[in-house]
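> What follows is final-v7.csv; its format and atoms are CSV, C-alpha atoms and all ligand atoms.
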chain,number,residue,atom,x,y,z
L,14,MET,CA,20.0,-41.3,-35.4
L,15,VAL,CA,19.0,-44.4,-37.4
L,16,ASP,CA,22.3,-44.1,-39.3
L,17,LEU,CA,24.3,-43.9,-36.0
L,18,LEU,CA,22.5,-46.9,-34.5
L,19,SER,CA,23.2,-49.0,-37.6
L,20,HIS,CA,26.9,-48.2,-37.5
L,21,LEU,CA,27.6,-48.6,-33.8
L,22,GLY,CA,30.4,-51.1,-33.0
L,23,GLY,CA,34.1,-51.3,-32.0
L,24,ASP,CA,35.7,-47.9,-31.5
L,25,LEU,CA,32.5,-45.8,-32.0
L,26,ARG,CA,30.8,-47.8,-29.3
L,27,ARG,CA,33.7,-47.2,-26.9
L,28,GLN,CA,33.6,-43.5,-27.7
L,29,LEU,CA,29.9,-43.4,-27.1
L,30,TYR,CA,30.2,-45.0,-23.7
L,31,ASP,CA,33.1,-42.7,-22.8
L,32,LEU,CA,31.0,-39.6,-23.7
L,33,ALA,CA,28.0,-40.9,-21.7
L,34,HIS,CA,30.3,-41.6,-18.7
L,35,ALA,CA,31.8,-38.0,-19.0
L,36,ALA,CA,28.2,-36.6,-19.1
L,37,ARG,CA,27.3,-38.5,-16.0
L,38,ILE,CA,30.4,-37.4,-14.1
L,39,ARG,CA,29.5,-33.8,-15.0
L,40,THR,CA,26.0,-34.2,-13.6
L,41,TYR,CA,26.0,-36.7,-10.8
L,42,GLY,CA,29.7,-37.4,-10.3
L,43,ARG,CA,30.6,-41.0,-9.2
L,44,ALA,CA,27.6,-41.4,-7.0
L,45,VAL,CA,25.3,-44.4,-7.5
L,46,TYR,CA,21.9,-44.1,-5.7
L,47,LEU,CA,20.2,-47.1,-4.2
L,48,ARG,CA,16.4,-47.6,-4.2
L,49,GLY,CA,14.7,-50.3,-2.1
L,50,LEU,CA,12.3,-52.1,-4.4
L,51,ILE,CA,9.2,-53.6,-2.9
L,52,GLU,CA,7.2,-55.8,-5.3
L,53,PHE,CA,3.9,-55.7,-3.4
L,54,SER,CA,1.5,-57.5,-5.7
L,55,ASN,CA,1.9,-59.7,-8.8
L,56,ILE,CA,-1.8,-59.5,-9.6
L,57,CYS,CA,-2.4,-57.7,-12.9
L,58,LYS,CA,-5.5,-57.0,-14.9
L,59,GLN,CA,-3.5,-56.1,-18.0
L,60,ASN,CA,-2.2,-58.6,-20.6
L,61,CYS,CA,1.1,-57.3,-22.0
L,62,LEU,CA,2.4,-60.0,-24.3
L,63,TYR,CA,5.9,-59.9,-22.9
L,64,CYS,CA,5.2,-60.0,-19.2
L,65,GLY,CA,5.0,-63.0,-16.9
L,66,LEU,CA,2.5,-61.2,-14.7
L,67,ARG,CA,0.0,-60.8,-17.5
L,68,SER,CA,-3.6,-61.8,-16.6
L,69,GLY,CA,-3.5,-64.5,-19.3
L,70,ASN,CA,-0.8,-66.4,-17.4
L,71,LYS,CA,-2.8,-68.9,-15.4
L,72,SER,CA,0.2,-70.9,-14.1
L,73,LEU,CA,1.6,-68.1,-11.9
L,74,SER,CA,0.9,-68.3,-8.2
L,75,ARG,CA,-0.5,-64.8,-7.3
L,76,TYR,CA,0.2,-62.9,-4.1
L,77,ARG,CA,-0.5,-59.5,-2.6
L,78,LEU,CA,1.3,-58.0,0.4
L,79,LEU,CA,-0.9,-56.2,2.9
L,80,PRO,CA,-0.1,-52.6,3.9
L,81,GLU,CA,1.4,-53.7,7.2
L,82,GLU,CA,3.7,-56.2,5.4
L,83,ILE,CA,4.8,-53.4,3.1
L,84,LEU,CA,5.5,-51.1,6.0
L,85,ASN,CA,7.6,-53.9,7.5
L,86,CYS,CA,9.7,-54.0,4.3
L,87,CYS,CA,10.2,-50.3,4.6
L,88,ARG,CA,11.3,-50.6,8.2
L,89,GLU,CA,13.9,-53.2,7.2
L,90,GLY,CA,15.0,-51.1,4.3
L,91,TYR,CA,15.2,-47.9,6.4
L,92,ALA,CA,17.4,-49.8,8.9
L,93,LEU,CA,19.7,-50.9,6.0
L,94,GLY,CA,20.0,-47.2,5.0
L,95,TYR,CA,17.6,-46.8,2.1
L,96,ARG,CA,16.1,-43.4,1.7
L,97,THR,CA,14.0,-44.2,-1.4
L,98,PHE,CA,11.3,-46.9,-1.5
L,99,VAL,CA,9.8,-48.0,-4.7
L,100,LEU,CA,6.4,-49.7,-4.4
L,101,GLN,CA,5.8,-51.7,-7.6
L,102,SER,CA,3.0,-54.0,-8.6
L,103,GLY,CA,0.9,-55.3,-11.5
L,104,GLU,CA,-2.3,-53.3,-12.1
L,105,ASP,CA,-4.1,-54.5,-9.0
L,106,ASP,CA,-7.4,-52.8,-8.4
L,107,TRP,CA,-7.7,-54.3,-4.9
L,108,TYR,CA,-5.4,-51.5,-4.0
L,109,THR,CA,-7.9,-48.7,-4.4
L,110,THR,CA,-7.0,-45.0,-4.2
L,111,GLU,CA,-8.2,-45.0,-0.6
L,112,LYS,CA,-6.0,-47.9,0.4
L,113,LEU,CA,-3.0,-46.5,-1.4
L,114,VAL,CA,-3.5,-43.0,0.2
L,115,LEU,CA,-3.5,-44.6,3.7
L,116,LEU,CA,-0.4,-46.7,2.8
L,117,ILE,CA,1.5,-43.7,1.4
L,118,ALA,CA,0.6,-41.5,4.4
L,119,ALA,CA,1.8,-44.2,6.8
L,120,VAL,CA,5.1,-44.6,5.0
L,121,LYS,CA,5.7,-40.9,4.9
L,122,GLN,CA,4.8,-40.5,8.6
L,123,LEU,CA,7.2,-43.3,9.6
L,124,PHE,CA,10.0,-42.1,7.3
L,125,PRO,CA,9.6,-38.4,6.6
L,126,ASP,CA,13.1,-38.2,5.2
L,127,ALA,CA,12.6,-40.9,2.6
L,128,ALA,CA,11.3,-40.5,-0.9
L,129,LEU,CA,8.5,-42.7,-2.1
L,130,THR,CA,8.2,-43.9,-5.7
L,131,LEU,CA,5.2,-45.6,-7.1
L,132,SER,CA,5.2,-48.0,-10.1
L,133,ILE,CA,1.6,-49.3,-10.2
L,134,GLY,CA,0.6,-48.7,-13.8
L,135,GLU,CA,-2.2,-46.6,-15.3
L,136,ARG,CA,-4.7,-44.8,-13.1
L,137,ASP,CA,-6.9,-41.7,-13.7
L,138,ASP,CA,-5.9,-38.1,-13.0
L,139,GLU,CA,-7.9,-38.0,-9.7
L,140,CYS,CA,-6.1,-41.1,-8.4
L,141,TYR,CA,-2.6,-39.8,-9.4
L,142,SER,CA,-3.4,-36.4,-7.8
L,143,ARG,CA,-4.6,-37.9,-4.5
L,144,LEU,CA,-1.6,-40.2,-4.2
L,145,TYR,CA,0.7,-37.2,-4.8
L,146,ALA,CA,-1.2,-35.2,-2.2
L,147,ALA,CA,-0.8,-38.1,0.2
L,148,GLY,CA,3.0,-37.8,-0.2
L,149,ALA,CA,4.2,-39.9,-3.1
L,150,ASP,CA,7.2,-38.1,-4.7
L,151,ARG,CA,7.9,-40.1,-7.9
L,152,PHE,CA,6.3,-42.3,-10.4
L,153,LEU,CA,7.8,-44.9,-12.8
L,154,LEU,CA,5.7,-45.6,-15.9
L,155,ARG,CA,7.8,-46.8,-18.8
L,156,HIS,CA,6.4,-45.8,-22.2
L,157,GLU,CA,7.5,-49.3,-23.2
L,158,THR,CA,7.9,-48.4,-26.9
L,159,ALA,CA,7.3,-45.1,-28.7
L,160,SER,CA,6.3,-47.0,-31.8
L,161,ALA,CA,2.5,-47.0,-32.1
L,162,ASN,CA,2.5,-50.2,-34.2
L,163,LEU,CA,4.7,-52.1,-31.8
L,164,TYR,CA,2.8,-50.7,-28.8
L,165,ARG,CA,-0.5,-51.9,-30.2
L,166,SER,CA,0.9,-55.4,-31.0
L,167,PHE,CA,2.2,-56.0,-27.5
L,168,HIS,CA,-0.6,-54.4,-25.4
L,169,PRO,CA,-4.0,-55.9,-26.3
L,170,THR,CA,-5.7,-54.3,-23.2
L,171,MET,CA,-4.0,-50.8,-23.4
L,172,GLU,CA,-4.0,-47.8,-25.7
L,173,TYR,CA,-0.8,-46.2,-27.1
L,174,GLU,CA,-2.1,-42.7,-26.8
L,175,ASN,CA,-3.2,-43.3,-23.2
L,176,ARG,CA,0.2,-44.4,-22.1
L,177,GLN,CA,1.8,-41.1,-23.1
L,178,ASP,CA,-1.2,-39.1,-21.9
L,179,ARG,CA,-0.7,-40.7,-18.4
L,180,LEU,CA,3.0,-39.7,-18.4
L,181,ASN,CA,1.9,-36.1,-19.2
L,182,ALA,CA,-0.6,-36.2,-16.4
L,183,LEU,CA,2.0,-37.3,-13.9
L,184,GLN,CA,4.4,-34.5,-14.9
L,185,ARG,CA,1.6,-32.0,-14.7
L,186,ILE,CA,0.7,-33.1,-11.2
L,187,GLY,CA,4.2,-32.6,-10.1
L,188,TYR,CA,5.7,-36.0,-9.7
L,189,GLN,CA,9.3,-36.8,-10.6
L,190,VAL,CA,8.5,-39.0,-13.5
L,191,GLY,CA,10.3,-42.0,-15.0
L,192,ALA,CA,9.7,-43.2,-18.5
L,193,GLY,CA,11.6,-45.9,-20.4
L,194,PHE,CA,11.5,-48.8,-22.8
L,195,MET,CA,12.6,-52.3,-23.6
L,196,VAL,CA,15.3,-53.1,-26.1
L,197,GLY,CA,15.2,-56.1,-28.4
L,198,LEU,CA,11.4,-56.5,-28.6
L,199,PRO,CA,10.4,-58.8,-31.5
L,200,ASP,CA,10.4,-56.9,-34.8
L,201,GLN,CA,11.8,-53.7,-33.1
L,202,THR,CA,13.9,-51.8,-35.6
L,203,ALA,CA,16.7,-49.1,-35.3
L,204,ALA,CA,14.0,-46.6,-36.4
L,205,ASP,CA,11.8,-47.7,-33.5
L,206,LEU,CA,14.7,-47.3,-31.0
L,207,ALA,CA,15.4,-43.8,-32.5
L,208,GLU,CA,11.8,-42.9,-31.8
L,209,ASP,CA,12.2,-44.0,-28.2
L,210,LEU,CA,15.2,-41.7,-27.7
L,211,LEU,CA,13.5,-38.8,-29.4
L,212,TYR,CA,10.4,-39.3,-27.3
L,213,LEU,CA,12.6,-39.2,-24.2
L,214,GLN,CA,14.3,-36.0,-25.4
L,215,GLN,CA,10.9,-34.4,-25.9
L,216,LEU,CA,9.4,-35.6,-22.6
L,217,GLN,CA,12.6,-34.8,-20.5
L,218,PRO,CA,11.7,-37.2,-17.7
L,219,ASP,CA,13.5,-37.2,-14.3
L,220,MET,CA,14.2,-40.9,-14.6
L,221,ILE,CA,14.8,-43.3,-17.5
L,222,GLY,CA,14.5,-47.1,-17.1
L,223,ILE,CA,15.9,-49.1,-20.0
L,224,GLY,CA,16.3,-52.9,-20.1
L,225,PRO,CA,16.6,-55.7,-22.5
L,226,PHE,CA,13.4,-57.6,-23.4
L,227,LEU,CA,13.7,-61.1,-21.8
L,228,PRO,CA,11.3,-63.8,-22.8
L,229,HIS,CA,9.1,-65.6,-20.2
L,230,ARG,CA,8.2,-69.2,-20.8
L,231,ASP,CA,4.5,-68.8,-20.0
L,232,THR,CA,3.8,-65.9,-22.4
L,233,PRO,CA,3.1,-65.7,-26.2
L,234,LEU,CA,6.7,-64.4,-26.7
L,235,LYS,CA,8.3,-67.4,-25.1
L,236,ASP,CA,10.2,-68.4,-28.3
L,237,GLU,CA,11.5,-65.0,-29.2
L,238,LEU,CA,15.2,-64.0,-28.9
L,239,PRO,CA,16.1,-61.8,-25.9
L,240,GLY,CA,17.4,-58.2,-26.3
L,241,THR,CA,21.2,-58.0,-26.1
L,242,VAL,CA,23.4,-56.3,-23.5
L,243,GLU,CA,25.3,-54.4,-26.2
L,244,ASP,CA,22.2,-52.9,-27.8
L,245,THR,CA,20.8,-51.9,-24.4
L,246,LEU,CA,24.1,-50.3,-23.4
L,247,ASP,CA,23.9,-48.2,-26.6
L,248,MET,CA,20.5,-47.0,-25.6
L,249,ILE,CA,21.5,-46.2,-22.0
L,250,ALA,CA,24.5,-44.2,-23.2
L,251,LEU,CA,22.4,-42.3,-25.8
L,252,ALA,CA,19.7,-41.6,-23.2
L,253,ARG,CA,22.4,-40.1,-20.9
L,254,LEU,CA,23.6,-37.8,-23.7
L,255,MET,CA,20.1,-36.7,-24.7
L,256,VAL,CA,18.8,-36.2,-21.1
L,257,PRO,CA,22.0,-35.6,-19.2
L,258,ASP,CA,20.5,-34.8,-15.8
L,259,ALA,CA,18.2,-37.9,-15.7
L,260,LEU,CA,18.5,-40.7,-13.1
L,261,ILE,CA,19.1,-43.9,-15.1
L,262,PRO,CA,19.0,-47.3,-13.3
L,263,ALA,CA,21.3,-50.2,-14.2
L,264,THR,CA,18.3,-52.5,-14.3
L,265,THR,CA,17.8,-56.0,-12.9
L,266,ALA,CA,17.0,-57.2,-16.5
L,267,MET,CA,20.6,-56.0,-17.4
L,268,GLY,CA,22.0,-58.1,-14.5
L,269,THR,CA,19.9,-61.1,-15.7
L,270,ALA,CA,21.0,-60.8,-19.3
L,271,HIS,CA,24.7,-60.8,-18.3
L,272,PRO,CA,26.5,-61.4,-14.9
L,273,ASN,CA,28.2,-58.0,-15.2
L,274,GLY,CA,25.4,-56.3,-17.1
L,275,ARG,CA,24.6,-53.8,-14.3
L,276,GLU,CA,28.3,-52.8,-13.8
L,277,ARG,CA,28.6,-52.2,-17.6
L,278,ALA,CA,25.5,-50.1,-17.5
L,279,LEU,CA,27.0,-48.0,-14.7
L,280,GLN,CA,30.1,-47.5,-16.9
L,281,ALA,CA,27.9,-46.4,-19.9
L,282,GLY,CA,25.9,-43.7,-18.1
L,283,ALA,CA,23.6,-45.4,-15.6
L,284,ASN,CA,23.7,-44.1,-12.0
L,285,VAL,CA,21.0,-45.9,-10.0
L,286,LEU,CA,20.5,-49.5,-8.7
L,287,MET,CA,17.3,-50.9,-7.4
L,288,PRO,CA,18.0,-53.8,-4.9
L,289,ASN,CA,15.1,-56.0,-3.9
L,290,LEU,CA,13.4,-55.4,-0.5
L,291,SER,CA,10.5,-57.8,-1.1
L,292,PRO,CA,10.0,-60.6,1.5
L,293,MET,CA,11.9,-63.8,0.5
L,294,ALA,CA,8.7,-65.8,0.3
L,295,VAL,CA,7.3,-63.8,-2.6
L,296,ARG,CA,10.5,-63.0,-4.6
L,297,ALA,CA,10.3,-65.9,-7.0
L,298,LYS,CA,6.6,-65.0,-7.8
L,299,TYR,CA,7.3,-61.6,-9.1
L,300,MET,CA,8.7,-63.1,-12.3
L,301,LEU,CA,8.4,-60.6,-15.2
L,302,TYR,CA,10.8,-62.7,-17.2
L,303,ASN,CA,12.6,-66.0,-16.5
L,304,ASN,CA,15.9,-66.4,-14.6
L,305,LYS,CA,15.5,-63.1,-12.8
L,306,ILE,CA,18.5,-62.5,-10.5
L,307,CYS,CA,18.4,-61.7,-6.7
L,308,THR,CA,15.3,-63.9,-6.0
L,309,GLY,CA,17.3,-66.0,-3.5
L,310,ASP,CA,19.1,-63.2,-1.5
L,311,GLU,CA,18.1,-61.6,1.8
L,312,SER,CA,17.5,-57.9,1.6
L,313,ALA,CA,20.7,-57.2,3.6
L,314,GLN,CA,22.7,-59.5,1.2
L,315,CYS,CA,21.4,-57.5,-1.8
L,316,ARG,CA,22.4,-54.3,-0.2
L,317,PHE,CA,26.0,-55.3,0.4
L,318,CYS,CA,26.4,-57.3,-2.8
L,319,LEU,CA,25.4,-54.2,-4.8
L,320,GLU,CA,27.8,-52.0,-2.8
L,321,GLN,CA,30.6,-54.3,-3.7
L,322,ARG,CA,29.6,-54.2,-7.4
L,323,VAL,CA,29.4,-50.4,-7.4
L,324,LYS,CA,32.9,-50.2,-5.9
L,325,SER,CA,34.3,-52.7,-8.4
L,326,ALA,CA,32.9,-50.7,-11.2
L,327,GLY,CA,34.7,-47.6,-10.0
L,328,PHE,CA,31.8,-45.7,-8.3
L,329,HIS,CA,30.5,-45.1,-4.7
L,330,VAL,CA,27.1,-45.7,-3.2
L,331,ASP,CA,25.1,-42.6,-2.1
L,332,MET,CA,22.4,-43.6,0.4
L,333,GLY,CA,20.7,-40.1,0.2
L,334,ARG,CA,17.2,-39.6,-1.4
L,335,GLY,CA,18.9,-38.8,-4.7
L,336,ASP,CA,16.4,-36.5,-6.2
L,337,SER,CA,16.8,-35.7,-9.9
L,338,LEU,CA,18.8,-32.6,-10.8
L,339,LYS,CA,15.8,-31.5,-13.0
L,340,HIS,CA,13.6,-31.7,-9.9
L,341,LEU,CA,16.0,-29.7,-7.8
L,342,SER,CA,16.3,-26.9,-10.4
L,343,ARG,CA,12.5,-26.8,-10.7
L,344,SER,CA,12.2,-26.5,-6.9
L,345,LEU,CA,14.8,-23.7,-6.9
L,346,GLN,CA,12.9,-21.8,-9.6
L,347,GLU,CA,9.6,-22.1,-7.7
L,348,HIS,CA,11.1,-20.7,-4.5
F,1,LIG,N1,2.6,-52.9,-13.9
F,1,LIG,C1,3.4,-51.8,-13.9
F,1,LIG,C2,4.8,-52.0,-13.2
F,1,LIG,C3,5.3,-53.4,-13.2
F,1,LIG,S1,6.0,-54.0,-14.7
F,1,LIG,C4,3.7,-51.3,-15.3
F,1,LIG,O1,3.6,-52.1,-16.2
F,1,LIG,O2,4.1,-50.1,-15.4
F,1,LIG,C5,7.5,-53.1,-14.7
F,1,LIG,C6,8.3,-53.1,-16.1
F,1,LIG,O3,8.8,-54.4,-16.3
F,1,LIG,C7,7.5,-52.8,-17.3
F,1,LIG,O4,7.4,-51.4,-17.5
F,1,LIG,C8,8.3,-53.5,-18.4
F,1,LIG,O5,9.0,-52.6,-19.1
F,1,LIG,C9,9.2,-54.5,-17.7
F,1,LIG,N2,9.0,-55.9,-18.2
F,1,LIG,C10,7.9,-56.6,-18.1
F,1,LIG,N3,8.1,-57.8,-18.7
F,1,LIG,C11,9.3,-57.8,-19.2
F,1,LIG,C12,10.1,-58.7,-19.9
F,1,LIG,N4,9.6,-59.9,-20.3
F,1,LIG,N5,11.4,-58.4,-20.2
F,1,LIG,C13,11.9,-57.2,-19.8
F,1,LIG,N6,11.2,-56.3,-19.1
F,1,LIG,C14,9.9,-56.6,-18.8
F,2,LIG,FE1,0.8,-55.9,-15.9
F,2,LIG,FE2,2.9,-54.2,-15.9
F,2,LIG,FE3,3.2,-56.8,-16.6
F,2,LIG,FE4,1.8,-55.2,-18.2
F,2,LIG,S1,4.0,-55.0,-17.7
F,2,LIG,S2,1.2,-57.3,-17.6
F,2,LIG,S3,0.8,-53.9,-16.7
F,2,LIG,S4,2.7,-56.0,-14.6
Can you present the structure in this file as structure tokens?

Amino acid sequence: MVDLLSHLGGDLRRQLYDLAHAARIRTYGRAVYLRGLIEFSNICKQNCLYCGLRSGNKSLSRYRLLPEEILNCCREGYALGYRTFVLQSGEDDWYTTEKLVLLIAAVKQLFPDAALTLSIGERDDECYSRLYAAGADRFLLRHETASANLYRSFHPTMEYENRQDRLNALQRIGYQVGAGFMVGLPDQTAADLAEDLLYLQQLQPDMIGIGPFLPHRDTPLKDELPGTVEDTLDMIALARLMVPDALIPATTAMGTAHPNGRERALQAGANVLMPNLSPMAVRAKYMLYNNKICTGDESAQCRFCLEQRVKSAGFHVDMGRGDSLKHLSRSLQEH
């Protein structure tokens, strides 16, 4: 794997993207699934060195949407056709298990045919179980990097072993689980990226989020170089080949790194987009990295802008729930 990564370029790269594209056509065809993303709190108790929401960033204006405001975002999203909502936040303990259970139950009661995805960071088994019992279907928790050394250097408040243990717990409980990593972190080597891919192959997650590292000006990594679109495309394509039936988003970070980054990701194996459904007033405050795109567009604009981009890349939008094929085959076996 390290050898392959060190020799990618020109023809080999094109062949890799073509193989990944073919694998995606075999599994999911030309469908691209849309997920409405609601960034409901930028308050975070963790201090990841790369992230603009880290607790050490005192210059960020913090916000938290109330449950009723989140439900309103879902209402708007449902009317626009979304059948998956992703609730994402920093690690904000104001949102206790009890509050989250009520919120999840309310979303599922209002929109029983929509899937609900959480991306709220690390919690204990009991919390994850109760949120699942309340109706949450999926959970995104990137492993961030499979290298213990890198993980430890970027996460002063978190444990390497714990991250992977949380992913195992989520799988055990029954969630459709999303792992993933950043490409181009400072000091990341081809061997580290190979570890990321092998970790994914072993975990066999339902979803895989891969994006370039992008520096944020109010973090310790402000002067570091960003990850490149090309390196990230390589990882997306390899992830598609190693976990062929995974759902793989063309991430907002890809669109930020290059104007056509998301379209290129779709052509290298990605098959999901996550347009923003957050209220306009808070968009610019959910700043994981600088120059984040789509902070100035209304939700409806995002929806139709992305549909155009999907068409121009040679695919079509599928507004269904878009469960992972892994999950569907697990369900068939159980019944
Ligand atoms: N707090 C939750 C979810 C919000 S952060 C969590 O950490 O799981 C969502 C993702 O944003 C993280 O998993 C990380 O991979 C990504 N991210 C954060 N800062 C970033 C940066 N500077 N560049 C690229 N991606 C970043
Ligand atoms: Fe918090 Fe997630 Fe950012 Fe880490 S990556 S500081 S956990 S929001």
> Using only C-alpha atoms and all ligand atoms, determine which residues fall within 6 Å of ligand LIG 1 (chain F), then list them as a VMD selection string.
chain L and resid 63 to 64 101 to 104 132 to 134 154 to 155 157 194 to 195 225 to 229 301 to 302
> Between L:Met248, L:Leu341, L:Leu62, L:Leu47, which residue has the minimum interatomic distance to L:Leu286, considering only C-alpha atoms?
L:Leu47
> Which is closer to ligand LIG 2 (chain F) than all the others in L:Gln28, L:Gln122, L:Thr130, L:Thr232, using only C-alpha atoms and all ligand atoms?
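When distances to ligand LIG 2 (chain F) are compared using only C-alpha atoms and all ligand atoms, the smallest one comes from L:Thr232.
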> Could you name the residues that touch L:Lys305 at 8 Å or less, counting all atoms listed in the file, but leaving out those on the same chain fewer than 2 positions away, as a list of chain:residue names?
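Near neighbours after the sequence-gap exclusion: L:Thr265, L:Ala266, L:Thr269, L:Met300, L:Leu301, L:Tyr302, L:Asn303, L:Cys307, L:Thr308.
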> Write the residues of the preceding selection, restricted to C-alpha atoms, as a short mmCIF file (atom, residue, chain, number, x, y, z; two decimals), in the frame of the given file.

data_model
loop_
_atom_site.label_atom_id
_atom_site.label_comp_id
_atom_site.auth_asym_id
_atom_site.auth_seq_id
_atom_site.Cartn_x
_atom_site.Cartn_y
_atom_site.Cartn_z
CA THR L 265 17.80 -56.00 -12.90
CA ALA L 266 17.00 -57.20 -16.50
CA THR L 269 19.90 -61.10 -15.70
CA MET L 300 8.70 -63.10 -12.30
CA LEU L 301 8.40 -60.60 -15.20
CA TYR L 302 10.80 -62.70 -17.20
CA ASN L 303 12.60 -66.00 -16.50
CA CYS L 307 18.40 -61.70 -6.70
CA THR L 308 15.30 -63.90 -6.00
#
> Just how far from atom CA of L:Leu216 is atom CA of L:Glu139, in Å to one decimal?
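Result for atom CA of L:Glu139 versus atom CA of L:Leu216: 21.7 Å, one decimal.
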> What does the distance from atom CA of L:Arg67 to atom FE4 of ligand LIG 2 (chain F) come to in Å, to one decimal?
5.9 Å
> Kindly give the distance, in Å, that separates atom CA of L:Ala161 and atom CA of L:Tyr173, rounded to a single decimal.
6.0 Å
> Enclose all atoms of ligand LIG 2 (chain F) listed in the file in an axis-aligned box, grow every side by 4 Å, and hand back centre and edge lengths in Å to one decimal, as lines of an AutoDock Vina configuration file.

center_x = 2.4
center_y = -55.6
center_z = -16.4
size_x = 11.2
size_y = 11.4
size_z = 11.6
> Fewer than 2 positions away in the same chain doesn't count, so skip those; otherwise give me all residues within 6 Å of stretch 275-284 of chain L, counting all atoms listed in the file, as a PyMOL selection string.
chain L and resi 30+33-34+37+45+250+253+261-263+267-268+273+326
> Just give me the residues with any atom within 8 Å of (8.2, -32.5, -6.9), file coordinates, counting all atoms listed in the file, written as a ChimeraX atom specification.
/L:150-151,187-189,340,344
> Looking at all atoms listed in the file, which of L:Phe317, L:Phe53, L:Phe124, L:Phe328 is the one that sits closest to ligand LIG 2 (chain F)?
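The answer is L:Phe53, which sits nearest to ligand LIG 2 (chain F).
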> Residues at most 6 Å from stretch 96-98 of chain L, counting all atoms listed in the file, excluding those fewer than 6 positions away in the same chain, as a PyMOL selection string?
chain L and resi 48-49+127-129+333-334
> Which of these, L:Lys324, L:Leu21, L:Ser166, L:Leu50, has the shortest distance to L:Tyr95 once you count only C-alpha atoms?
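Among the listed residues, L:Leu50 lies closest to L:Tyr95.
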> Which of these, L:Asn304, L:Gln184, L:Thr170, L:Ser312, has the shortest distance to L:Cys57 once you count all atoms listed in the file?
L:Thr170
> Of the residues L:Lys58, L:Arg77, L:Arg230, L:Arg316, which is the one nearest to ligand LIG 2 (chain F), using only C-alpha atoms and all ligand atoms?
L:Lys58
> Mind checking which residues fall within 8 Å of L:Gly148, counting all atoms listed in the file, ignoring those fewer than 6 positions away in the same chain, and posting them as a ChimeraX atom specification?
/L:117-118,121,129
> The residues within 7 Å of (3.0, -59.5, -4.9), using all atoms listed in the file and the coordinates of the file, should be reported as a ChimeraX atom specification; which are they?
/L:52-56,75-78,102,295,299
> Near L:Gln214, counting only C-alpha atoms, which residues have an atom at most 9 Å away, once you skip same-chain residues fewer than 6 positions from it, shown as a PyMOL selection string?
chain L and resi 252+255-256
